[in-house]
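Asks: Enclosed is the structure file work06.pdb (PDB, C-alpha atoms, pLDDT in the B column).
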```
ATOM      1  CA  PRO A 289       0.000   0.000   0.000  1.00 49.00           C
ATOM      2  CA  GLY A 290       2.863   2.376  -0.540  1.00 54.00           C
ATOM      3  CA  GLU A 291       1.570   3.718  -3.837  1.00 61.00           C
ATOM      4  CA  PRO A 292      -1.711   5.558  -4.412  1.00 58.00           C
ATOM      5  CA  GLY A 293      -4.562   3.373  -5.628  1.00 58.00           C
ATOM      6  CA  GLU A 294      -3.013   0.181  -4.294  1.00 62.00           C
ATOM      7  CA  THR A 295      -5.139  -1.730  -1.754  1.00 59.00           C
ATOM      8  CA  ALA A 296      -3.867  -3.475   1.307  1.00 61.00           C
ATOM      9  CA  ALA A 297      -3.692  -7.275   1.238  1.00 62.00           C
ATOM     10  CA  PHE A 298      -6.244  -7.638   4.036  1.00 68.00           C
ATOM     11  CA  ALA A 299      -8.817  -5.488   2.178  1.00 62.00           C
ATOM     12  CA  ARG A 300      -8.333  -7.042  -1.216  1.00 70.00           C
ATOM     13  CA  ARG A 301     -11.176  -9.226  -2.461  1.00 72.00           C
ATOM     14  CA  ILE A 302     -10.198 -12.501  -4.004  1.00 69.00           C
ATOM     15  CA  ASP A 303     -12.040 -15.012  -6.105  1.00 75.00           C
ATOM     16  CA  PRO A 304     -11.308 -18.406  -4.514  1.00 70.00           C
ATOM     17  CA  ALA A 305     -11.755 -20.201  -7.833  1.00 73.00           C
ATOM     18  CA  ARG A 306      -9.053 -18.097  -9.507  1.00 75.00           C
ATOM     19  CA  GLU A 307      -6.609 -17.786  -6.599  1.00 73.00           C
ATOM     20  CA  PRO A 308      -3.634 -20.055  -7.406  1.00 78.00           C
ATOM     21  CA  GLY A 309      -2.290 -20.513  -3.868  1.00 81.00           C
ATOM     22  CA  LEU A 310      -5.430 -22.014  -2.296  1.00 81.00           C
ATOM     23  CA  SER A 311      -5.904 -25.709  -1.764  1.00 86.00           C
ATOM     24  CA  PRO A 312      -9.307 -27.344  -2.359  1.00 85.00           C
ATOM     25  CA  GLN A 313      -9.794 -27.627   1.410  1.00 89.00           C
ATOM     26  CA  GLN A 314      -9.189 -23.894   1.840  1.00 86.00           C
ATOM     27  CA  ARG A 315     -11.644 -23.113  -0.961  1.00 84.00           C
ATOM     28  CA  ARG A 316     -14.247 -25.383   0.628  1.00 89.00           C
ATOM     29  CA  LEU A 317     -13.712 -23.723   4.032  1.00 90.00           C
ATOM     30  CA  MET A 318     -14.085 -20.255   2.491  1.00 86.00           C
ATOM     31  CA  ALA A 319     -17.334 -21.332   0.814  1.00 87.00           C
ATOM     32  CA  GLN A 320     -18.657 -22.705   4.107  1.00 92.00           C
ATOM     33  CA  VAL A 321     -17.793 -19.504   5.982  1.00 90.00           C
ATOM     34  CA  GLU A 322     -19.430 -17.346   3.313  1.00 89.00           C
ATOM     35  CA  TYR A 323     -22.557 -19.520   3.436  1.00 93.00           C
ATOM     36  CA  ALA A 324     -22.716 -19.242   7.239  1.00 94.00           C
ATOM     37  CA  GLN A 325     -22.372 -15.447   7.029  1.00 92.00           C
ATOM     38  CA  ARG A 326     -25.196 -15.241   4.476  1.00 92.00           C
ATOM     39  CA  GLN A 327     -27.405 -17.400   6.706  1.00 93.00           C
ATOM     40  CA  ARG A 328     -26.742 -15.167   9.750  1.00 92.00           C
ATOM     41  CA  ALA A 329     -27.566 -12.059   7.738  1.00 91.00           C
ATOM     42  CA  LEU A 330     -30.775 -13.676   6.490  1.00 91.00           C
ATOM     43  CA  GLN A 331     -31.778 -14.674  10.034  1.00 91.00           C
ATOM     44  CA  ARG A 332     -31.219 -11.119  11.304  1.00 89.00           C
ATOM     45  CA  ARG A 333     -33.317  -9.699   8.488  1.00 89.00           C
ATOM     46  CA  LEU A 334     -36.105 -12.235   9.043  1.00 91.00           C
ATOM     47  CA  ARG A 335     -36.061 -11.667  12.808  1.00 92.00           C
ATOM     48  CA  SER A 336     -36.601  -7.931  12.369  1.00 90.00           C
ATOM     49  CA  ARG A 337     -39.403  -8.578   9.858  1.00 93.00           C
ATOM     50  CA  ASN A 338     -41.049 -11.023  12.259  1.00 95.00           C
ATOM     51  CA  VAL A 339     -40.876  -8.519  15.116  1.00 95.00           C
ATOM     52  CA  LEU A 340     -42.463  -5.812  12.975  1.00 95.00           C
ATOM     53  CA  LEU A 341     -45.169  -8.209  11.829  1.00 96.00           C
ATOM     54  CA  ALA A 342     -45.906  -9.280  15.414  1.00 97.00           C
ATOM     55  CA  LEU A 343     -46.160  -5.654  16.544  1.00 97.00           C
ATOM     56  CA  GLY A 344     -48.510  -4.881  13.652  1.00 97.00           C
ATOM     57  CA  ILE A 345     -50.758  -7.850  14.379  1.00 98.00           C
ATOM     58  CA  GLY A 346     -50.789  -6.974  18.086  1.00 97.00           C
ATOM     59  CA  ALA A 347     -51.717  -3.360  17.355  1.00 98.00           C
ATOM     60  CA  VAL A 348     -54.596  -4.427  15.098  1.00 98.00           C
ATOM     61  CA  THR A 349     -55.795  -6.944  17.686  1.00 98.00           C
ATOM     62  CA  PHE A 350     -55.793  -4.423  20.525  1.00 97.00           C
ATOM     63  CA  GLY A 351     -57.454  -1.863  18.263  1.00 97.00           C
ATOM     64  CA  ILE A 352     -60.314  -4.242  17.478  1.00 97.00           C
ATOM     65  CA  TYR A 353     -60.586  -5.223  21.146  1.00 95.00           C
ATOM     66  CA  GLY A 354     -60.717  -1.585  22.267  1.00 94.00           C
ATOM     67  CA  TYR A 355     -63.214  -0.615  19.572  1.00 93.00           C
ATOM     68  CA  THR A 356     -65.453  -3.536  20.546  1.00 90.00           C
ATOM     69  CA  PHE A 357     -65.539  -2.425  24.187  1.00 88.00           C
ATOM     70  CA  TYR A 358     -66.173   1.163  23.140  1.00 86.00           C
ATOM     71  CA  SER A 359     -69.042   0.264  20.818  1.00 82.00           C
ATOM     72  CA  VAL A 360     -70.660  -2.097  23.327  1.00 79.00           C
ATOM     73  CA  SER A 361     -70.546   0.567  26.027  1.00 76.00           C
ATOM     74  CA  GLN A 362     -72.357   2.963  23.647  1.00 68.00           C
ATOM     75  CA  GLU A 363     -75.241   0.604  22.973  1.00 69.00           C
ATOM     76  CA  ARG A 364     -78.366   1.518  24.916  1.00 71.00           C
ATOM     77  CA  PHE A 365     -80.997  -0.526  23.066  1.00 68.00           C
ATOM     78  CA  LEU A 366     -80.998  -3.266  25.742  1.00 71.00           C
ATOM     79  CA  ASP A 367     -81.744  -0.674  28.413  1.00 75.00           C
ATOM     80  CA  GLU A 368     -84.679   0.588  26.353  1.00 78.00           C
ATOM     81  CA  LEU A 369     -86.043  -2.946  25.934  1.00 79.00           C
ATOM     82  CA  GLU A 370     -85.804  -3.552  29.674  1.00 84.00           C
ATOM     83  CA  GLN A 371     -87.637  -0.287  30.411  1.00 85.00           C
ATOM     84  CA  GLU A 372     -90.420  -1.221  28.002  1.00 87.00           C
ATOM     85  CA  ALA A 373     -90.706  -4.678  29.595  1.00 88.00           C
ATOM     86  CA  GLU A 374     -90.934  -3.153  33.089  1.00 90.00           C
ATOM     87  CA  ALA A 375     -93.569  -0.684  31.880  1.00 90.00           C
ATOM     88  CA  ALA A 376     -95.574  -3.560  30.379  1.00 89.00           C
ATOM     89  CA  ARG A 377     -95.330  -5.518  33.646  1.00 89.00           C
ATOM     90  CA  ALA A 378     -96.446  -2.487  35.638  1.00 90.00           C
ATOM     91  CA  ARG A 379     -99.501  -2.088  33.420  1.00 88.00           C
ATOM     92  CA  ALA A 380    -100.455  -5.740  33.783  1.00 77.00           C
TER
END
```
Using structure tokens, write down the structure from this file.
Replies:
Amino acid sequence: PGEPGETAAFARRIDPAREPGLSPQQRRLMAQVEYAQRQRALQRRLRSRNVLLALGIGAVTFGIYGYTFYSVSQERFLDELEQEAEAARARA
């Protein structure tokens, strides 16, 4: 890395299939490590999606639950029916 534009050896990307100094075992190990890294990244991404989905479903559920309680507390038709029944009993 003494000259401009030259990359350090640790930052240089290599293609394992074209690298002459790697044995088949080293290539296989590199492929396994890359696969494991991709799987971890996929799991992290799926975990965050699952958390967001769970929060969304929970919010909708609690919204429906709250709306149901609110609408039931607003209903007065049963009270009116009971008053009419008591009035009918009083007349009889």
Asks: So that I can check the surroundings of A:Asp303, please list as a list in words every protein, DNA and RNA residue that reaches within 12 Å of it, counting all atoms listed in the file and ignoring chain neighbours fewer than 6 positions away.
Replies: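 Within the cut-off, the hits are Gly309, Leu310, Arg315, Met318 and Ala319 of chain A.
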Asks: Step by step, gather every atom of stretch 348-362 of chain A that the file lists, find the box along x, y and z that holds them, add 3 Å on each side, and finally give centre and edge lengths in Å to one decimal, as AutoDock Vina command-line options.
Replies:
```
--center_x -63.5 --center_y -2.0 --center_z 20.6 --size_x 23.8 --size_y 15.9 --size_z 16.9
```
Asks: By how many Å are atom CA of A:Ala329 and atom CA of A:Ala347 apart?
Replies: 27.4 Å
Asks: Select, from A:Arg364, A:Leu317, A:Thr356, A:Ala380, the residue with the minimum atom-to-atom distance to A:Pro304, counting all atoms listed in the file.
Replies: A:Leu317
Asks: Report the distance between atom CA of A:Thr349 and atom CA of A:Leu334 in Å, rounded to one decimal place.
Replies: 22.1 Å
Asks: For atom CA of A:Arg301 and atom CA of A:Arg326, determine how far apart the two atoms are, in Å to one decimal place.
Replies: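 Calculated distance between atom CA of A:Arg301 and atom CA of A:Arg326 is 16.8 Å.
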